[in-house]
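Undergrad: Quick one: the structure is below, questions incoming.
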Amino acid sequence: MLYNKKHLQTIDRAIEKAKLLYDNCICCGHICNVNRNNNKIGRCKIFEDTNHIKTASHTLHFGEEPMLVGDNGSGTVFFSSCNLSCVFCQNHQISSDGIGEIIDIETLAEYFLDLEKQNALNINLVSATHVIYPVLKGLKIALEKGLNLPIVYNTNGYDTKELLDCLDGIIDIYLPDLKYVFDDKAFKYSRAENYFNVAINTIEIMKKQVGDLVVNDKGIAQSGIIIRHLILPNNESDSYDVLIELKERGFLKSTISLMSQYNPKFKALTFDNINRKITKKEYDDIVNYALDLGFENLLVQEMESSETYLPDFTREKPFQR
């Protein structure tokens with residue numbers, strides 16, 4: 001498939017729109033309205049100029065959904081900092097603790113091209129919402145040098161419709177979270193106001209742009225949306241309500257990834273209702289509920305995933321044990 005030609009047709013427009021987003025930053029649901037083109041700092045604490053970006057890792061990753069990794073792996077680039085403050089973040093070393101290296105957009109482009117040379121199946125942008133302007137500038141350089149892979153946008157779901165408008169025609173596969181339904185949980189655990197309304201609107205726009213998941217004859221994702229939901233203990237992630245909302249909004253045929261990998265790391269041990277892993281019964285009950293509701297394309301995890309997918313970003317290959 002000629003991803004390169006499609007992306008090149010829209011990248012200039014995307015960059016122009018992203019620059020405008022930074023004038024009064026409206027990249028995410030916090031709507032900081034600071035002028036990041038003048039190096040003002042918003043909720044995401046990003047301070048580097050728009051020709052530089054802080055990355056924590058660029059590597060072949062085999063812990064994503066099977067249709068994203070195949071035998072070759074997903075070409076993931078992890079961006080430092082975050083627009084949310086999840087107390088249970090498994091990537092807290094980069095989202096909160098500051099691990100990462102500031103690079104220029106030319107180096108970012110080389111990361112993309114190097115992953116393609118390693119036979120990555122896609123370029124997977126992990127937590128790019130808050131740095132979308134330099135990401136797109138780096139992507140343009142790589143495209144002009146021949147990058148021809150599907151682009152994955154891996155996000156916590158707290159993206160604005162204005163940001164998604166920048167990405168229309170650029171992103172082939174959307175991989176959003178849908179973390180909560182109720183605002184009290186979203187604020188308590190992620191410091192996000194109005195999370196569900198922002199995230200469900202985000203997901204609906206994503207599906208309109210790329211449709212449901214399309215895979216090739218080898219089962220490898222080519223385009224579409226995969227919606228992730230991380231299950232927390234004691235139904236603190238509103239899992240049953242998440243599934244009801246998705247059904248009512250027409251997502252029964254969409255690919256839903258129900259994740260059992262929760263591990264109470266970072267600050268989570270100080271919160272009584274989430275200071276343990278989920279039980280097999282909790283997970284099975286939610287999977288069965290989803291099946292009873294009529295979801296047709298569920299992805300499930302083994303319970304051992306709570307240990308398997310814990311990264312260490314002090315290592316060159318964070319997920320390699």
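Ligands are numbered from 1 in the order shown, residues from 1 within each chain, and chains are lettered A, B, ... in the order they appear in the structure tokens.
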Excluding Asn51 of chain A and residues on its chain fewer than 2 positions from it, collect all residues at most 12 Å away from it, counting only C-alpha atoms, and give them as a PyMOL selection string.

TA: chain A and resi 19+37+39+47-49+53-54+102-109+131-138

Undergrad: Each residue of segment 73-130 of chain A with at least one atom at most 8 Å from segment 311-318 of chain A should appear once, together with its nearest atom pair and the corresponding distance in Å (one decimal); atoms considered: only C-alpha atoms; ordering: chain, then increasing residue number; output as a tab-separated table.

TA:
```
residue	atom	partner	partner_atom	distance
A:Gln90	CA	A:Pro311	CA	7.2
A:Asn91	CA	A:Pro311	CA	7.0
A:Gln93	CA	A:Phe313	CA	6.6
A:Ile94	CA	A:Phe313	CA	7.3
A:Ile99	CA	A:Phe313	CA	7.3
```

Undergrad: May I ask which of the residues A:Val242, A:Leu21, A:Ile278, A:Leu68 is the closest one to Ile123 of chain A, counting only C-alpha atoms?

TA: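 Ranking A:Val242, A:Leu21, A:Ile278, A:Leu68 by distance to Ile123 of chain A, first place goes to A:Leu68.
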
Undergrad: Quick one: which segment 80-180 of chain A residues come within 12 Å of segment 252-264 of chain A, and what is the nearest atom pair for each with the distance in Å to one decimal, counting only C-alpha atoms, rows ordered by chain and ascending number, as a tab-separated table?

TA:
```
residue	atom	partner	partner_atom	distance
A:Cys86	CA	A:Pro264	CA	11.3
A:Val87	CA	A:Pro264	CA	8.9
A:Phe88	CA	A:Pro264	CA	6.0
A:Cys89	CA	A:Pro264	CA	8.7
A:Gln90	CA	A:Asn263	CA	7.7
A:Asn91	CA	A:Asn263	CA	11.5
A:His92	CA	A:Pro264	CA	11.8
A:Ile173	CA	A:Thr255	CA	11.7
A:Tyr174	CA	A:Thr255	CA	11.0
A:Leu175	CA	A:Ser257	CA	9.7
A:Pro176	CA	A:Ser257	CA	10.1
A:Asp177	CA	A:Ser257	CA	9.3
A:Leu178	CA	A:Ile256	CA	10.0
A:Lys179	CA	A:Met259	CA	10.9
```

Undergrad: Which residues are close to Ile170 of chain A, i.e. within 12 Å by only C-alpha atoms, leaving aside same-chain residues fewer than 5 positions away? Reply as a VMD selection string.

TA: chain A and resid 3 to 15 123 125 132 135 to 136 139 to 140 143 148 to 153 163 to 165 206 209 to 210 223

Undergrad: Could you please determine the separation between atom CA of Thr160 of chain A and atom CA of Ile225 of chain A in Å, to one decimal place?

TA: 16.7 Å

Undergrad: With distances taken over only C-alpha atoms, which of A:Val198, A:Ala290, A:Ala192, A:Ile220 is nearest to Leu243 of chain A?

TA: A:Ala290

Undergrad: Just the residues within 12 Å of Gly250 of chain A, please, counting only C-alpha atoms, with nothing from its chain fewer than 5 positions along; format it as a ChimeraX atom specification.

TA: /A:200,203-204,207-208,211-212,243-245,255,293-296

Undergrad: Store the residues picked out above, limited to C-alpha atoms, as a PDB file, in the first residue's frame.

TA:
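Output file out-v5.pdb is given in full below:
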```
ATOM      1  CA  ILE A 200     -15.820   9.402  23.649  1.00  0.00           C
ATOM      2  CA  ILE A 203     -13.128   7.979  19.632  1.00  0.00           C
ATOM      3  CA  GLU A 204     -16.184   8.754  17.529  1.00  0.00           C
ATOM      4  CA  LYS A 207     -13.784   5.982  13.788  1.00  0.00           C
ATOM      5  CA  LYS A 208     -15.264   8.400  11.252  1.00  0.00           C
ATOM      6  CA  GLY A 211     -13.352   3.120  10.172  1.00  0.00           C
ATOM      7  CA  ASP A 212     -13.167  -0.218  11.945  1.00  0.00           C
ATOM      8  CA  LEU A 243     -19.075  -1.244  27.559  1.00  0.00           C
ATOM      9  CA  ILE A 244     -22.667  -0.021  27.730  1.00  0.00           C
ATOM     10  CA  GLU A 245     -21.662   3.383  26.345  1.00  0.00           C
ATOM     11  CA  THR A 255     -12.136  -4.005  17.947  1.00  0.00           C
ATOM     12  CA  LEU A 293     -23.733  -7.290  25.099  1.00  0.00           C
ATOM     13  CA  GLY A 294     -22.844  -8.499  21.608  1.00  0.00           C
ATOM     14  CA  PHE A 295     -19.316  -7.206  21.021  1.00  0.00           C
ATOM     15  CA  GLU A 296     -17.957  -9.121  18.046  1.00  0.00           C
TER      16      GLU A 296
END
```

Undergrad: Measuring between only C-alpha atoms, which one of A:Ile274, A:Ile286, A:Leu167, A:Ala120 shows the shortest distance to Gly70 of chain A?

TA: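 Ranked by minimum distance to Gly70 of chain A, first place goes to A:Ala120.
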
Undergrad: Assign secondary structure with DSSP using the backbone only, and return the residues of segment 185-271 of chain A in strand (DSSP E or B) as a list of chain:residue names.

TA: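 Here is the list: A:Asp212, A:Val214, A:Val215, A:Ala221, A:Gln222, A:Ser223, A:Gly224, A:Ile225, A:Ile226, A:Ile227, A:Arg228, A:His229, A:Leu230, A:Thr255, A:Ile256, A:Ser257, A:Leu258, A:Met259.
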
Undergrad: So that I can check the surroundings of Lys280 of chain A, please list as an MDAnalysis selection string every protein, DNA and RNA residue that reaches within 12 Å of it, counting only C-alpha atoms and ignoring chain neighbours fewer than 2 positions away.

TA: chainID A and resid 231:233 259:262 277:278 282:288 301:306

Undergrad: Measuring atom to atom with only C-alpha atoms, identify which of A:Tyr22, A:Val300, A:Thr279, A:Leu2 is nearest to Gly146 of chain A.

TA: A:Leu2

Undergrad: Can you list, as a short mmCIF file (atom, residue, chain, number, x, y, z; two decimals) with N, CA, C and O atoms, in the first residue's frame, every protein, DNA or RNA residue that comes within 8 Å of Arg36 of chain A when you count only C-alpha atoms, leaving out same-chain residues fewer than 6 positions away?

TA:
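Final file, around.cif:
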```
data_model
loop_
_atom_site.label_atom_id
_atom_site.label_comp_id
_atom_site.auth_asym_id
_atom_site.auth_seq_id
_atom_site.Cartn_x
_atom_site.Cartn_y
_atom_site.Cartn_z
N TYR A 22 -0.96 25.43 18.75
CA TYR A 22 0.00 25.83 19.78
C TYR A 22 -0.11 27.30 20.14
O TYR A 22 0.38 27.71 21.19
N ASP A 23 -0.72 28.13 19.27
CA ASP A 23 -0.84 29.56 19.58
C ASP A 23 -1.61 29.78 20.88
O ASP A 23 -1.24 30.63 21.69
N ASN A 24 -2.68 29.06 21.05
CA ASN A 24 -3.45 29.06 22.29
C ASN A 24 -3.80 27.60 22.55
O ASN A 24 -4.86 27.14 22.15
N CYS A 25 -2.89 26.88 23.20
CA CYS A 25 -2.87 25.42 23.10
C CYS A 25 -4.21 24.77 23.44
O CYS A 25 -4.75 24.93 24.54
N GLY A 42 2.40 24.67 29.45
CA GLY A 42 1.05 24.28 29.83
C GLY A 42 1.04 23.12 30.82
O GLY A 42 2.05 22.81 31.46
#
```

Undergrad: Enumerate the residues of segment 30-103 of chain A with a DSSP assignment of alpha helix (DSSP H), computed from the backbone, and present them as number ranges by chain.

TA: A: 66-69, 92-95

Undergrad: Just write the chosen residues, N, CA and C atoms, as a PDB file, in the first residue's frame.

TA:
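Final file, result_16.pdb:
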```
ATOM      1  N   PRO A  66      -1.854  -8.046  18.931  1.00  0.00           N
ATOM      2  CA  PRO A  66      -1.196  -8.957  17.972  1.00  0.00           C
ATOM      3  C   PRO A  66      -1.165  -8.436  16.539  1.00  0.00           C
ATOM      4  N   MET A  67      -2.229  -7.782  16.090  1.00  0.00           N
ATOM      5  CA  MET A  67      -2.262  -7.311  14.698  1.00  0.00           C
ATOM      6  C   MET A  67      -1.357  -6.102  14.460  1.00  0.00           C
ATOM      7  N   LEU A  68      -0.814  -5.539  15.533  1.00  0.00           N
ATOM      8  CA  LEU A  68       0.137  -4.444  15.391  1.00  0.00           C
ATOM      9  C   LEU A  68       1.587  -4.915  15.411  1.00  0.00           C
ATOM     10  N   VAL A  69       1.830  -6.111  15.955  1.00  0.00           N
ATOM     11  CA  VAL A  69       3.214  -6.546  16.136  1.00  0.00           C
ATOM     12  C   VAL A  69       3.619  -7.692  15.220  1.00  0.00           C
ATOM     13  N   HIS A  92       5.481   5.710  34.232  1.00  0.00           N
ATOM     14  CA  HIS A  92       5.681   6.924  35.031  1.00  0.00           C
ATOM     15  C   HIS A  92       7.112   7.448  34.943  1.00  0.00           C
ATOM     16  N   GLN A  93       8.067   6.584  34.614  1.00  0.00           N
ATOM     17  CA  GLN A  93       9.447   7.060  34.473  1.00  0.00           C
ATOM     18  C   GLN A  93       9.557   8.148  33.410  1.00  0.00           C
ATOM     19  N   ILE A  94       8.729   8.026  32.365  1.00  0.00           N
ATOM     20  CA  ILE A  94       8.792   9.039  31.306  1.00  0.00           C
ATOM     21  C   ILE A  94       7.647  10.036  31.385  1.00  0.00           C
ATOM     22  N   SER A  95       6.492   9.613  31.888  1.00  0.00           N
ATOM     23  CA  SER A  95       5.349  10.526  31.936  1.00  0.00           C
ATOM     24  C   SER A  95       5.482  11.537  33.070  1.00  0.00           C
TER      25      SER A  95
END
```

Undergrad: To one decimal in Å, tell me the separation between atom CA of Asp238 of chain A and atom CA of Phe196 of chain A.

TA: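 Spanning atom CA of Asp238 of chain A to atom CA of Phe196 of chain A is a straight-line distance of 10.7 Å.
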
Undergrad: Smallest atom-to-atom distance to Asp71 of chain A: which of A:Tyr111, A:Asn275, A:Leu121, A:Glu248, using only C-alpha atoms?

TA: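 Of all the options, A:Leu121 lies closest to Asp71 of chain A.
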